[in-house]
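For reference, data.cif (mmCIF, C-alpha atoms):
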data_coords
#
loop_
_atom_site.label_atom_id
_atom_site.label_comp_id
_atom_site.auth_asym_id
_atom_site.auth_seq_id
_atom_site.Cartn_x
_atom_site.Cartn_y
_atom_site.Cartn_z
CA MET A 832 11.76 13.89 17.49
CA ILE A 833 8.24 13.07 18.71
CA SER A 834 6.74 15.93 20.62
CA ASP A 835 5.28 15.32 24.04
CA ASP A 836 3.75 18.75 24.26
CA PRO A 837 0.56 18.96 26.36
CA GLN A 838 -1.34 20.09 23.29
CA ASN A 839 -0.63 16.72 21.72
CA SER A 840 -1.57 14.65 24.75
CA ALA A 841 -4.12 14.81 27.50
CA PRO A 842 -5.03 13.11 30.74
CA HIS A 843 -7.98 10.74 30.88
CA GLY A 844 -10.11 13.42 32.45
CA SER A 845 -9.88 15.85 29.54
CA PRO A 846 -13.18 16.70 27.75
CA ALA A 847 -12.03 15.19 24.45
CA THR A 848 -11.03 11.94 26.06
CA GLU A 849 -14.20 11.82 28.16
CA ARG A 850 -16.28 12.11 24.97
CA SER A 851 -14.38 9.16 23.52
CA LEU A 852 -14.80 7.19 26.76
CA LYS A 853 -18.55 7.51 26.24
CA GLY A 854 -18.17 5.66 22.97
CA GLY A 855 -17.17 7.96 20.14
CA GLY A 856 -16.84 11.66 19.44
CA PRO A 857 -15.11 13.57 16.61
CA GLY A 858 -11.67 12.45 17.80
CA PHE A 859 -12.55 8.77 17.39
CA TRP A 860 -13.98 9.43 13.94
CA ALA A 861 -10.77 11.25 13.00
CA PHE A 862 -8.87 8.17 14.20
CA LEU A 863 -11.01 5.90 12.01
CA VAL A 864 -10.59 8.13 8.95
CA THR A 865 -6.82 8.36 9.51
CA LEU A 866 -6.32 4.61 9.75
CA PHE A 867 -8.69 4.10 6.80
CA LEU A 868 -6.62 6.40 4.59
CA GLY A 869 -3.39 4.73 5.72
CA ALA A 870 -4.62 1.19 5.05
CA PHE A 871 -6.15 2.30 1.75
CA ASN A 872 -2.86 3.85 0.66
CA ASP A 873 -0.88 0.77 1.69
CA ASN A 874 -3.07 -1.51 -0.39
CA VAL A 875 -3.28 0.71 -3.45
CA SER A 876 0.47 1.33 -3.62
CA LYS A 877 1.43 -2.25 -2.71
CA LEU A 878 -0.87 -3.75 -5.34
CA VAL A 879 0.37 -1.32 -8.00
CA ILE A 880 3.99 -2.19 -7.17
CA MET A 881 3.31 -5.96 -7.11
CA ALA A 882 1.34 -5.85 -10.36
CA PHE A 883 4.11 -3.79 -12.00
CA GLY A 884 6.76 -6.24 -10.82
CA THR A 885 4.93 -9.40 -11.92
CA SER A 886 4.00 -7.86 -15.28
CA THR A 887 7.66 -7.18 -16.10
CA LEU A 888 8.71 -10.77 -15.31
CA PRO A 889 8.15 -13.85 -17.51
CA PRO A 890 4.58 -15.17 -17.07
CA ASP A 891 4.02 -18.60 -15.47
CA SER A 892 7.58 -18.62 -14.16
CA PRO A 893 8.90 -19.32 -10.64
CA GLU A 894 10.49 -15.85 -10.76
CA ALA A 895 7.04 -14.24 -10.49
CA SER A 896 6.32 -16.23 -7.31
CA ARG A 897 9.76 -15.33 -5.94
CA PHE A 898 9.18 -11.62 -6.60
CA LEU A 899 5.84 -11.73 -4.77
CA SER A 900 7.47 -13.63 -1.92
CA LEU A 901 10.34 -11.13 -1.73
CA GLY A 902 7.95 -8.19 -1.92
CA GLY A 903 5.85 -9.58 0.91
CA MET A 904 8.91 -10.13 3.11
CA VAL A 905 10.36 -6.67 2.37
CA PHE A 906 7.08 -5.06 3.44
CA ILE A 907 6.92 -7.14 6.62
CA LEU A 908 10.59 -7.10 7.70
CA PRO A 909 10.40 -3.62 9.33
CA TYR A 910 7.84 -4.98 11.81
CA LEU A 911 10.50 -7.35 13.08
CA LEU A 912 13.33 -4.82 13.00
CA PHE A 913 11.54 -1.80 14.48
CA SER A 914 8.57 -3.01 16.53
CA SER A 915 10.57 -3.00 19.79
CA VAL A 916 11.46 0.66 19.27
CA ALA A 917 7.88 1.37 18.15
CA GLY A 918 6.46 -0.17 21.32
CA THR A 919 8.81 1.86 23.50
CA LEU A 920 7.81 5.08 21.72
CA ALA A 921 4.13 4.23 22.24
CA ASP A 922 4.81 3.89 25.99
CA ARG A 923 7.09 6.93 26.35
CA PHE A 924 5.03 9.41 24.30
CA SER A 925 1.42 10.27 23.63
CA LYS A 926 0.01 7.72 21.22
CA LYS A 927 -1.63 10.49 19.24
CA SER A 928 1.77 12.16 18.73
CA VAL A 929 3.27 8.89 17.51
CA MET A 930 0.44 8.47 15.00
CA VAL A 931 0.81 12.03 13.69
CA TRP A 932 4.54 11.70 13.11
CA THR A 933 4.22 8.34 11.39
CA LYS A 934 1.71 9.89 8.99
CA VAL A 935 4.30 12.55 8.12
CA TRP A 936 6.73 9.71 7.42
CA GLU A 937 4.13 8.15 5.07
CA VAL A 938 4.15 11.33 2.96
CA VAL A 939 7.95 11.10 2.62
CA VAL A 940 7.76 7.42 1.59
CA MET A 941 5.12 8.11 -1.06
CA PHE A 942 7.29 10.85 -2.58
CA LEU A 943 10.08 8.27 -2.72
CA GLY A 944 7.60 6.03 -4.54
CA VAL A 945 7.12 8.69 -7.22
CA PHE A 946 10.88 8.74 -7.83
CA ALA A 947 11.09 4.92 -7.92
CA ALA A 948 8.19 4.77 -10.38
CA TYR A 949 9.91 7.35 -12.58
CA MET A 950 13.02 5.14 -12.64
CA GLY A 951 10.84 2.17 -13.66
CA ASN A 952 12.87 -0.49 -11.84
CA ALA A 953 10.74 -3.17 -10.15
CA TYR A 954 13.38 -4.00 -7.54
CA LEU A 955 13.89 -0.33 -6.66
CA MET A 956 10.21 -0.29 -5.82
CA LEU A 957 10.97 -2.83 -3.09
CA VAL A 958 12.75 -0.01 -1.21
CA VAL A 959 9.43 1.82 -1.18
CA LEU A 960 7.71 -1.29 0.18
CA PHE A 961 10.29 -1.40 2.98
CA GLY A 962 9.57 2.25 3.85
CA MET A 963 5.83 1.56 3.86
CA GLY A 964 6.36 -1.38 6.18
CA ALA A 965 8.48 0.76 8.53
CA GLN A 966 5.75 3.40 8.70
CA SER A 967 3.13 0.77 9.53
CA ALA A 968 5.40 -0.83 12.15
CA PHE A 969 5.65 2.45 14.10
CA PHE A 970 1.94 3.24 13.65
CA SER A 971 0.66 -0.16 14.85
CA PRO A 972 1.39 -0.15 18.65
CA ALA A 973 0.09 3.41 18.96
CA LYS A 974 -3.05 2.52 16.98
CA TYR A 975 -3.96 -0.52 19.08
CA GLY A 976 -2.91 1.17 22.33
CA PHE A 977 -5.15 4.13 21.53
CA LEU A 978 -8.37 2.11 21.86
CA PRO A 979 -8.06 0.88 25.48
CA GLU A 980 -6.90 4.36 26.55
CA THR A 981 -10.00 6.04 25.10
CA HIS A 982 -12.72 3.40 25.52
CA PRO A 983 -14.06 1.64 28.64
CA PRO A 984 -13.84 -2.19 28.68
CA GLU A 985 -17.50 -2.77 27.81
CA LYS A 986 -17.15 -0.66 24.63
CA LEU A 987 -13.79 -2.06 23.54
CA PRO A 988 -15.07 -5.01 21.44
CA ARG A 989 -17.34 -2.70 19.43
CA ALA A 990 -14.56 -0.13 19.06
CA ASN A 991 -12.33 -2.94 17.80
CA GLY A 992 -15.09 -4.06 15.46
CA ALA A 993 -15.41 -0.54 14.04
CA THR A 994 -11.62 -0.26 13.74
CA GLN A 995 -11.32 -3.57 11.89
CA MET A 996 -14.33 -2.75 9.71
CA TRP A 997 -12.77 0.55 8.61
CA THR A 998 -9.40 -1.13 8.13
CA PHE A 999 -10.79 -3.83 5.90
CA LEU A 1000 -13.12 -1.42 4.14
CA ALA A 1001 -9.89 0.34 3.22
CA ILE A 1002 -8.52 -3.00 2.02
CA ILE A 1003 -11.67 -3.51 -0.05
CA LEU A 1004 -11.43 -0.13 -1.75
CA GLY A 1005 -7.63 -0.23 -1.82
CA GLY A 1006 -7.63 -3.61 -3.54
CA TRP A 1007 -10.18 -2.43 -6.07
CA GLY A 1008 -8.51 0.99 -6.44
CA GLY A 1009 -5.06 -0.56 -6.86
CA GLY A 1010 -6.33 -2.78 -9.67
CA VAL A 1011 -8.09 0.11 -11.40
CA LEU A 1012 -5.08 2.43 -10.99
CA SER A 1013 -2.65 -0.21 -12.27
CA HIS A 1014 -4.88 -0.86 -15.29
CA ALA A 1015 -5.39 2.87 -15.98
CA VAL A 1016 -1.83 4.20 -15.73
CA GLY A 1017 0.10 1.18 -17.01
CA HIS A 1018 3.90 1.20 -16.93
CA GLU A 1019 4.38 4.50 -18.73
CA LYS A 1020 2.35 6.68 -16.32
CA LEU A 1021 3.19 4.88 -13.09
CA PRO A 1022 4.61 8.10 -11.47
CA LEU A 1023 1.14 9.67 -11.80
CA GLY A 1024 -0.32 6.73 -9.92
CA MET A 1025 2.19 7.17 -7.09
CA LEU A 1026 1.41 10.91 -6.98
CA ALA A 1027 -2.18 9.94 -6.17
CA CYS A 1028 -0.79 7.98 -3.20
CA VAL A 1029 1.08 11.12 -2.06
CA ALA A 1030 -2.24 13.01 -2.03
CA VAL A 1031 -3.90 10.32 0.11
CA ALA A 1032 -0.96 10.38 2.55
CA LEU A 1033 -1.24 14.18 2.87
CA LEU A 1034 -4.97 13.94 3.60
CA GLY A 1035 -4.36 11.28 6.27
CA THR A 1036 -1.74 13.48 7.90
CA ILE A 1037 -4.24 16.34 8.14
CA THR A 1038 -6.95 14.16 9.75
CA SER A 1039 -4.47 12.74 12.27
CA PHE A 1040 -4.25 16.13 14.00
CA ALA A 1041 -7.96 15.82 14.97
CA ILE A 1042 -7.56 12.44 16.73
CA THR A 1043 -8.66 12.36 20.39
CA PRO A 1044 -5.74 13.47 22.62
CA THR A 1045 -4.22 10.62 24.63
CA PRO A 1046 -2.40 10.65 27.99
CA GLN A 1047 1.27 11.58 28.14
CA GLY A 1048 3.59 8.62 28.05
CA ARG A 1049 5.76 7.24 30.83
CA LYS A 1050 9.08 9.03 31.08
CA ASP A 1051 10.44 6.08 33.04
CA ALA A 1052 9.62 3.58 30.29
CA PRO A 1053 12.65 1.51 29.20
CA ARG A 1054 14.73 2.97 26.41
CA PRO A 1055 14.55 1.27 23.02
CA SER A 1056 16.70 -1.81 22.58
CA LEU A 1057 18.92 -2.12 19.52
CA ASP A 1058 18.34 -5.88 19.54
CA PRO A 1059 15.21 -6.41 17.41
CA LEU A 1060 14.39 -9.89 18.74
CA ALA A 1061 15.48 -10.41 22.36
CA PRO A 1062 12.99 -7.93 23.94
CA HIS A 1063 10.09 -9.58 22.16
CA VAL A 1064 11.16 -13.10 23.11
CA LYS A 1065 11.40 -11.96 26.74
CA THR A 1066 8.02 -10.21 26.59
CA LEU A 1067 6.22 -13.14 24.98
CA PHE A 1068 7.74 -16.23 26.54
CA ARG A 1069 8.56 -14.90 29.98
CA ASP A 1070 6.38 -11.90 30.85
CA ALA A 1071 3.22 -12.81 28.89
CA LEU A 1072 3.38 -16.44 30.01
CA ARG A 1073 3.83 -15.33 33.61
CA GLN A 1074 1.08 -12.69 33.41
CA ASN A 1075 -1.52 -14.97 31.84
CA PRO A 1076 -1.00 -17.95 29.50
CA ILE A 1077 -4.14 -16.96 27.63
CA LEU A 1078 -2.43 -13.71 26.62
CA LEU A 1079 0.38 -15.64 24.94
CA ALA A 1080 -2.12 -18.00 23.27
CA SER A 1081 -4.07 -15.01 21.94
CA ILE A 1082 -0.91 -13.45 20.52
CA LEU A 1083 0.21 -16.66 18.80
CA GLY A 1084 -3.31 -17.41 17.55
CA ASN A 1085 -3.59 -13.92 16.09
CA SER A 1086 -0.24 -14.40 14.34
CA LEU A 1087 -1.68 -17.45 12.57
CA PHE A 1088 -4.30 -15.14 11.05
CA TRP A 1089 -1.58 -12.88 9.64
CA LEU A 1090 0.41 -15.86 8.31
CA LEU A 1091 -2.63 -17.10 6.39
CA GLY A 1092 -3.69 -13.57 5.41
CA THR A 1093 -0.29 -12.86 3.87
CA MET A 1094 -0.38 -16.09 1.89
CA ALA A 1095 -3.95 -15.41 0.77
CA GLN A 1096 -3.28 -11.86 -0.41
CA LEU A 1097 -0.29 -12.97 -2.48
CA VAL A 1098 -1.74 -16.22 -3.82
CA LEU A 1099 -4.83 -14.35 -5.04
CA LEU A 1100 -2.53 -12.42 -7.38
CA LEU A 1101 -1.31 -15.71 -8.86
CA LEU A 1102 -4.81 -17.19 -8.92
CA ALA A 1103 -6.14 -14.19 -10.85
CA LYS A 1104 -3.31 -14.03 -13.39
CA HIS A 1105 -2.45 -17.70 -13.97
CA THR A 1106 -5.56 -19.75 -13.08
CA LEU A 1107 -8.54 -17.47 -13.74
CA LYS A 1108 -6.61 -15.42 -16.34
CA VAL A 1109 -8.39 -12.15 -15.52
CA ASP A 1110 -7.11 -8.57 -15.69
CA ASP A 1111 -5.87 -6.33 -12.87
CA GLN A 1112 -9.34 -4.91 -12.19
CA VAL A 1113 -10.83 -8.35 -11.43
CA MET A 1114 -7.72 -9.17 -9.41
CA GLY A 1115 -8.40 -6.08 -7.31
CA LEU A 1116 -12.02 -7.15 -6.84
CA LEU A 1117 -10.90 -10.54 -5.52
CA GLN A 1118 -8.71 -8.75 -2.98
CA ALA A 1119 -11.68 -6.53 -2.12
CA ALA A 1120 -13.99 -9.53 -1.62
CA MET A 1121 -11.71 -10.84 1.10
CA GLY A 1122 -11.71 -7.40 2.75
CA VAL A 1123 -15.53 -7.30 2.63
CA GLY A 1124 -15.66 -10.65 4.39
CA ILE A 1125 -13.15 -9.74 7.09
CA GLY A 1126 -14.82 -6.40 7.81
CA ALA A 1127 -18.29 -7.97 8.08
CA GLY A 1128 -16.97 -10.79 10.27
CA CYS A 1129 -15.24 -8.35 12.62
CA VAL A 1130 -18.31 -6.12 13.01
CA LEU A 1131 -20.62 -9.06 13.72
CA ALA A 1132 -18.08 -10.60 16.11
CA GLY A 1133 -17.84 -7.29 17.99
CA LEU A 1134 -21.60 -7.37 18.50
CA LEU A 1135 -21.73 -11.04 19.52
CA ILE A 1136 -18.84 -11.22 22.01
CA ARG A 1137 -20.17 -11.84 25.51
CA ARG A 1138 -18.46 -11.33 28.86
CA GLU A 1139 -19.12 -14.85 30.11
CA SER A 1140 -17.69 -16.56 26.98
CA PRO A 1141 -15.43 -14.10 25.14
CA PHE A 1142 -13.67 -16.81 23.10
CA ALA A 1143 -16.74 -18.74 21.95
CA LEU A 1144 -16.39 -17.43 18.39
CA VAL A 1145 -12.77 -18.57 17.95
CA PRO A 1146 -13.36 -22.30 17.23
CA LEU A 1147 -16.35 -21.51 15.01
CA GLY A 1148 -14.36 -18.97 13.01
CA GLY A 1149 -11.38 -21.33 12.79
CA ALA A 1150 -13.48 -24.25 11.53
CA MET A 1151 -15.19 -22.05 8.95
CA LEU A 1152 -11.80 -20.72 7.82
CA VAL A 1153 -10.43 -24.24 7.29
CA ALA A 1154 -13.53 -25.23 5.30
CA SER A 1155 -13.48 -22.09 3.13
CA LEU A 1156 -9.78 -22.40 2.29
CA LEU A 1157 -10.19 -26.04 1.30
CA GLY A 1158 -13.29 -25.10 -0.70
CA MET A 1159 -11.37 -22.33 -2.45
CA GLY A 1160 -8.63 -24.81 -3.32
CA LEU A 1161 -11.18 -27.20 -4.83
CA LEU A 1162 -13.56 -24.75 -6.55
CA GLY A 1163 -11.47 -21.58 -7.04
CA ASP A 1164 -10.90 -22.16 -10.76
CA ARG A 1165 -14.45 -20.96 -11.38
CA LEU A 1166 -14.70 -17.19 -11.02
CA PRO A 1167 -18.15 -16.91 -9.32
CA LEU A 1168 -17.30 -19.63 -6.80
CA ALA A 1169 -13.88 -18.05 -6.24
CA PHE A 1170 -15.59 -14.81 -5.16
CA VAL A 1171 -17.94 -16.69 -2.80
CA MET A 1172 -15.15 -18.69 -1.19
CA VAL A 1173 -12.82 -15.69 -0.84
CA THR A 1174 -15.58 -13.70 0.88
CA LEU A 1175 -16.41 -16.61 3.20
CA ALA A 1176 -12.73 -17.04 4.10
CA GLY A 1177 -12.55 -13.37 5.03
CA PHE A 1178 -15.75 -13.52 7.11
CA SER A 1179 -14.43 -16.57 8.99
CA SER A 1180 -11.16 -14.78 9.67
CA GLY A 1181 -13.00 -11.86 11.27
CA PHE A 1182 -14.87 -14.21 13.62
CA TYR A 1183 -11.61 -15.93 14.53
CA MET A 1184 -9.39 -12.87 14.90
CA LEU A 1185 -11.45 -10.17 16.65
CA PRO A 1186 -11.79 -11.92 20.08
CA LEU A 1187 -8.03 -12.55 20.09
CA THR A 1188 -7.20 -8.93 19.21
CA THR A 1189 -9.47 -7.65 21.99
CA ALA A 1190 -7.94 -10.07 24.50
CA ILE A 1191 -4.40 -8.89 23.66
CA GLN A 1192 -5.38 -5.26 24.30
CA ARG A 1193 -7.23 -5.90 27.55
CA LEU A 1194 -4.97 -8.54 29.11
CA SER A 1195 -1.73 -6.63 28.46
CA PRO A 1196 -0.52 -4.66 31.54
CA PRO A 1197 -1.76 -1.06 31.08
CA ALA A 1198 1.57 0.56 32.05
CA GLU A 1199 3.44 -1.57 29.49
CA ARG A 1200 0.75 -1.98 26.87
CA GLY A 1201 2.93 -0.52 24.11
CA ARG A 1202 5.67 -3.10 24.81
CA PHE A 1203 3.24 -6.01 24.75
CA LEU A 1204 1.47 -4.75 21.63
CA ALA A 1205 4.86 -4.33 19.93
CA ALA A 1206 5.77 -7.91 20.84
CA SER A 1207 2.42 -8.99 19.41
CA SER A 1208 3.20 -7.06 16.21
CA ALA A 1209 6.60 -8.76 16.02
CA SER A 1210 4.94 -12.14 16.40
CA ASP A 1211 2.50 -11.20 13.63
CA CYS A 1212 5.51 -10.17 11.57
CA VAL A 1213 7.09 -13.59 11.98
CA GLY A 1214 3.80 -15.11 10.85
CA MET A 1215 3.71 -12.86 7.77
CA ILE A 1216 7.33 -13.65 6.89
CA LEU A 1217 6.60 -17.37 7.23
CA GLY A 1218 3.57 -16.88 5.00
CA SER A 1219 5.71 -15.24 2.32
CA LEU A 1220 8.36 -17.96 2.67
CA PHE A 1221 5.79 -20.74 2.40
CA LEU A 1222 4.41 -19.15 -0.76
CA GLY A 1223 7.88 -18.89 -2.32
CA ILE A 1224 8.78 -22.48 -1.38
CA LEU A 1225 5.50 -23.95 -2.59
CA GLY A 1226 5.75 -21.99 -5.84
CA SER A 1227 9.30 -23.27 -6.40
CA LEU A 1228 8.09 -26.84 -5.75
CA GLY A 1229 5.55 -26.46 -8.53
CA PHE A 1230 2.38 -26.03 -6.45
CA SER A 1231 -0.44 -24.40 -8.38
CA PRO A 1232 -2.40 -21.53 -6.76
CA LEU A 1233 -5.22 -23.99 -6.00
CA GLY A 1234 -2.74 -26.41 -4.44
CA ILE A 1235 -1.36 -23.62 -2.25
CA LEU A 1236 -4.90 -22.82 -1.05
CA ARG A 1237 -5.47 -26.47 -0.10
CA PHE A 1238 -2.18 -26.42 1.79
CA MET A 1239 -3.37 -23.32 3.64
CA GLY A 1240 -6.55 -25.11 4.70
CA GLY A 1241 -4.51 -27.89 6.31
CA LEU A 1242 -2.16 -25.36 7.90
CA ALA A 1243 -5.10 -23.46 9.41
CA PHE A 1244 -6.39 -26.61 11.09
CA LEU A 1245 -3.15 -27.77 12.78
CA PRO A 1246 -2.98 -25.30 15.73
CA LEU A 1247 -6.74 -25.10 16.40
CA PRO A 1248 -6.96 -27.99 18.93
CA TRP A 1249 -4.09 -26.55 21.01
CA LEU A 1250 -5.48 -23.03 20.84
CA CYS A 1251 -8.95 -24.13 21.95
CA TRP A 1252 -7.46 -26.20 24.79
CA VAL A 1253 -5.58 -23.16 26.16
CA LEU A 1254 -8.49 -20.76 25.73
CA PHE A 1255 -11.15 -22.96 27.33
CA ARG A 1256 -9.37 -25.01 29.99
CA LYS A 1257 -10.28 -24.30 33.60
CA THR A 1258 -7.41 -23.21 35.85
CA PRO A 1259 -7.51 -21.38 39.23
CA GLY A 1260 -7.15 -17.60 39.08
CA ARG A 1261 -7.30 -17.47 35.31
CA LYS A 1262 -8.45 -14.13 33.88
CA THR A 1263 -10.64 -14.55 30.78
CA GLU A 1264 -13.24 -11.81 31.09
CA PHE A 1265 -11.97 -8.91 29.01
CA VAL A 1266 -15.41 -7.50 28.21
CA GLY A 1267 -16.79 -5.29 30.99
#
Written form, structure tokens:
Amino acid sequence: MISDDPQNSAPHGSPATERSLKGGGPGFWAFLVTLFLGAFNDNVSKLVIMAFGTSTLPPDSPEASRFLSLGGMVFILPYLLFSSVAGTLADRFSKKSVMVWTKVWEVVVMFLGVFAAYMGNAYLMLVVLFGMGAQSAFFSPAKYGFLPETHPPEKLPRANGATQMWTFLAIILGGWGGGVLSHAVGHEKLPLGMLACVAVALLGTITSFAITPTPQGRKDAPRPSLDPLAPHVKTLFRDALRQNPILLASILGNSLFWLLGTMAQLVLLLLAKHTLKVDDQVMGLLQAAMGVGIGAGCVLAGLLIRRESPFALVPLGGAMLVASLLGMGLLGDRLPLAFVMVTLAGFSSGFYMLPLTTAIQRLSPPAERGRFLAASSASDCVGMILGSLFLGILGSLGFSPLGILRFMGGLAFLPLPWLCWVLFRKTPGRKTEFVG
């Protein structure tokens, strides 16, 4: 059970929280290191598992695409199943306490990964992916709810920029590290590779205890619903729409990022192995290039967001994303150009996504922020599942990796006119200023 002891939570007036409200402090750095280690571990272990699975299946076969599609969905499914419960926990308990206990769960899952690696069955490894996804699903609402509780509005975009930079720095190093680890240990020593993931999980658990204390949760918050979908549908299409239509548009627009991001991460595995014909280390570097781009785009977007036009970067980022995906689909069979286009796609995504993420945090009702952030996570989950499904369907239809990338460019363009219309239209009483 998650403790709600006063030592694990604190009112806004506590010294630790006041230091964070001034823009940083050791507790915020502990938060950044904790989420960095978690994202790093996710990417290392997921890439090792995916590389192991695809290497044991016939090359250039639809079965490899289906395994990647299934692996992506298994990792994402817990977001849909558990995000309602996760949001309720983030409202009822201190967000720091939730983060600490989910890090303990990560250690357990990584030990399970050692056992699955010892057994050497690719499909048994999918159980580990499910456990990783469950841990991330419970961590997510507490992570995003932590920022508005410990930072004033004018510092929130930069705090989000730092958070996304550290997250995608972890993706950079995790993608590279996963490729190196997969290449180094091979199939025979895979349990040693998963033991390294256990060590990272233990370190992240230790740092989580130093995170800035957060206020105690609401004891009167609704109890978790056993229905994984109905609470989110109600939150999104009744409460969010009633609160502010721009909140719903931000949530759905952010989910498009995760749909495309899921497809990109998986299709890069196919591009590396079957089009570029490079080894796991180069495959990891391609994954890292996208992380570099997203992190840089998020940091720059956090610096450029202005109170009077908080969404100005969204259409620019969206247009650049469409162009880079189409360019990758046309030029991605040449390794140097593939690196350039992957990095540009990531940078564009950061410009597009960061204003929407900040809007979701600030425009959600403070007393129910965990519920709204959980609904946003569920919506992102649907986007990720659709991304995995699209990849599996397109692979079964005979699309090449470059053809899938061109499809993604068209898919990225379709919702942009509607999204821009909602974000920029003038209506009475509309709240758009979430900075300051």
How would you write, as an mmCIF file with C-alpha atoms, keeping the file's coordinate frame, the residues chosen by the PyMOL selection byres ((chain A and resi 932) around 10) on this structure?
data_model
loop_
_atom_site.group_PDB
_atom_site.id
_atom_site.type_symbol
_atom_site.label_atom_id
_atom_site.label_comp_id
_atom_site.auth_asym_id
_atom_site.auth_seq_id
_atom_site.Cartn_x
_atom_site.Cartn_y
_atom_site.Cartn_z
ATOM 1 C CA MET A 832 11.760 13.890 17.490
ATOM 2 C CA ILE A 833 8.240 13.070 18.710
ATOM 3 C CA SER A 834 6.740 15.930 20.620
ATOM 4 C CA LYS A 927 -1.630 10.490 19.240
ATOM 5 C CA SER A 928 1.770 12.160 18.730
ATOM 6 C CA VAL A 929 3.270 8.890 17.510
ATOM 7 C CA MET A 930 0.440 8.470 15.000
ATOM 8 C CA VAL A 931 0.810 12.030 13.690
ATOM 9 C CA THR A 933 4.220 8.340 11.390
ATOM 10 C CA LYS A 934 1.710 9.890 8.990
ATOM 11 C CA VAL A 935 4.300 12.550 8.120
ATOM 12 C CA TRP A 936 6.730 9.710 7.420
ATOM 13 C CA GLU A 937 4.130 8.150 5.070
ATOM 14 C CA GLN A 966 5.750 3.400 8.700
ATOM 15 C CA PHE A 969 5.650 2.450 14.100
ATOM 16 C CA PHE A 970 1.940 3.240 13.650
ATOM 17 C CA THR A 1036 -1.740 13.480 7.900
ATOM 18 C CA SER A 1039 -4.470 12.740 12.270
ATOM 19 C CA PHE A 1040 -4.250 16.130 14.000
#
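For the residues A:Arg923, A:Arg1069, A:Arg1165, A:His1063, ranking by smallest atom-to-atom distance to A:Val1109 using all atoms listed in the file places A:Arg1165 first.
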Calculate how many Å separate atom CA of A:Ile1191 from atom CA of A:Gly903, rounding to one decimal.
25.0 Å
Per residue of stretch 1055-1153 of chain A within 10 Å of stretch 1237-1257 of chain A, record the nearest atom pair and its distance in Å to one decimal, counting only C-alpha atoms, with rows in chain order and ascending residue number, as JSON lines.
{"residue": "A:Pro1076", "atom": "CA", "partner": "A:Val1253", "partner_atom": "CA", "distance": 7.7}
{"residue": "A:Ile1077", "atom": "CA", "partner": "A:Leu1254", "partner_atom": "CA", "distance": 6.1}
{"residue": "A:Leu1078", "atom": "CA", "partner": "A:Leu1254", "partner_atom": "CA", "distance": 9.3}
{"residue": "A:Leu1079", "atom": "CA", "partner": "A:Val1253", "partner_atom": "CA", "distance": 9.7}
{"residue": "A:Ala1080", "atom": "CA", "partner": "A:Leu1250", "partner_atom": "CA", "distance": 6.5}
{"residue": "A:Ser1081", "atom": "CA", "partner": "A:Leu1254", "partner_atom": "CA", "distance": 8.2}
{"residue": "A:Leu1083", "atom": "CA", "partner": "A:Leu1250", "partner_atom": "CA", "distance": 8.8}
{"residue": "A:Gly1084", "atom": "CA", "partner": "A:Leu1250", "partner_atom": "CA", "distance": 6.9}
{"residue": "A:Leu1087", "atom": "CA", "partner": "A:Ala1243", "partner_atom": "CA", "distance": 7.6}
{"residue": "A:Phe1088", "atom": "CA", "partner": "A:Ala1243", "partner_atom": "CA", "distance": 8.5}
{"residue": "A:Leu1090", "atom": "CA", "partner": "A:Ala1243", "partner_atom": "CA", "distance": 9.5}
{"residue": "A:Leu1091", "atom": "CA", "partner": "A:Met1239", "partner_atom": "CA", "distance": 6.8}
{"residue": "A:Gly1092", "atom": "CA", "partner": "A:Met1239", "partner_atom": "CA", "distance": 9.9}
{"residue": "A:Met1094", "atom": "CA", "partner": "A:Met1239", "partner_atom": "CA", "distance": 8.0}
{"residue": "A:Ala1095", "atom": "CA", "partner": "A:Met1239", "partner_atom": "CA", "distance": 8.4}
{"residue": "A:Ser1140", "atom": "CA", "partner": "A:Phe1255", "partner_atom": "CA", "distance": 9.2}
{"residue": "A:Pro1141", "atom": "CA", "partner": "A:Leu1254", "partner_atom": "CA", "distance": 9.6}
{"residue": "A:Phe1142", "atom": "CA", "partner": "A:Leu1254", "partner_atom": "CA", "distance": 7.0}
{"residue": "A:Ala1143", "atom": "CA", "partner": "A:Phe1255", "partner_atom": "CA", "distance": 8.8}
{"residue": "A:Val1145", "atom": "CA", "partner": "A:Cys1251", "partner_atom": "CA", "distance": 7.8}
{"residue": "A:Pro1146", "atom": "CA", "partner": "A:Cys1251", "partner_atom": "CA", "distance": 6.7}
{"residue": "A:Gly1149", "atom": "CA", "partner": "A:Leu1247", "partner_atom": "CA", "distance": 7.0}
{"residue": "A:Ala1150", "atom": "CA", "partner": "A:Phe1244", "partner_atom": "CA", "distance": 7.5}
{"residue": "A:Leu1152", "atom": "CA", "partner": "A:Ala1243", "partner_atom": "CA", "distance": 7.4}
{"residue": "A:Val1153", "atom": "CA", "partner": "A:Gly1240", "partner_atom": "CA", "distance": 4.7}
Enter the distance from atom CA of A:Ser1219 to atom CA of A:Gly902, in Å, rounded to one decimal.
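A separation of 8.5 Å between them.
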Would you list the contacts of A:Ala1169 as a PyMOL selection string, taking every protein, DNA or RNA residue within 10 Å and counting all atoms listed in the file, but skipping same-chain residues closer than 5 positions in sequence?
chain A and resi 1099+1102-1103+1107+1117+1120+1158-1164+1174-1175
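Note that the spacing between atom CA of A:Val1064 and atom CA of A:Val1213 amounts to 11.9 Å.
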Selected by the PyMOL selection byres ((chain A and resi 1024) around 10) in the shown coordinates: which residues, as a count of residues only?
22
Do a neighbour search on A:Phe1203 at 10 Å with all atoms listed in the file, toss out local chain neighbours closer than 2 positions, and write the hits as a ChimeraX atom specification.
/A:915,918-919,972,976,1062-1063,1066-1067,1070-1071,1078,1082,1191-1192,1194-1201,1205-1209
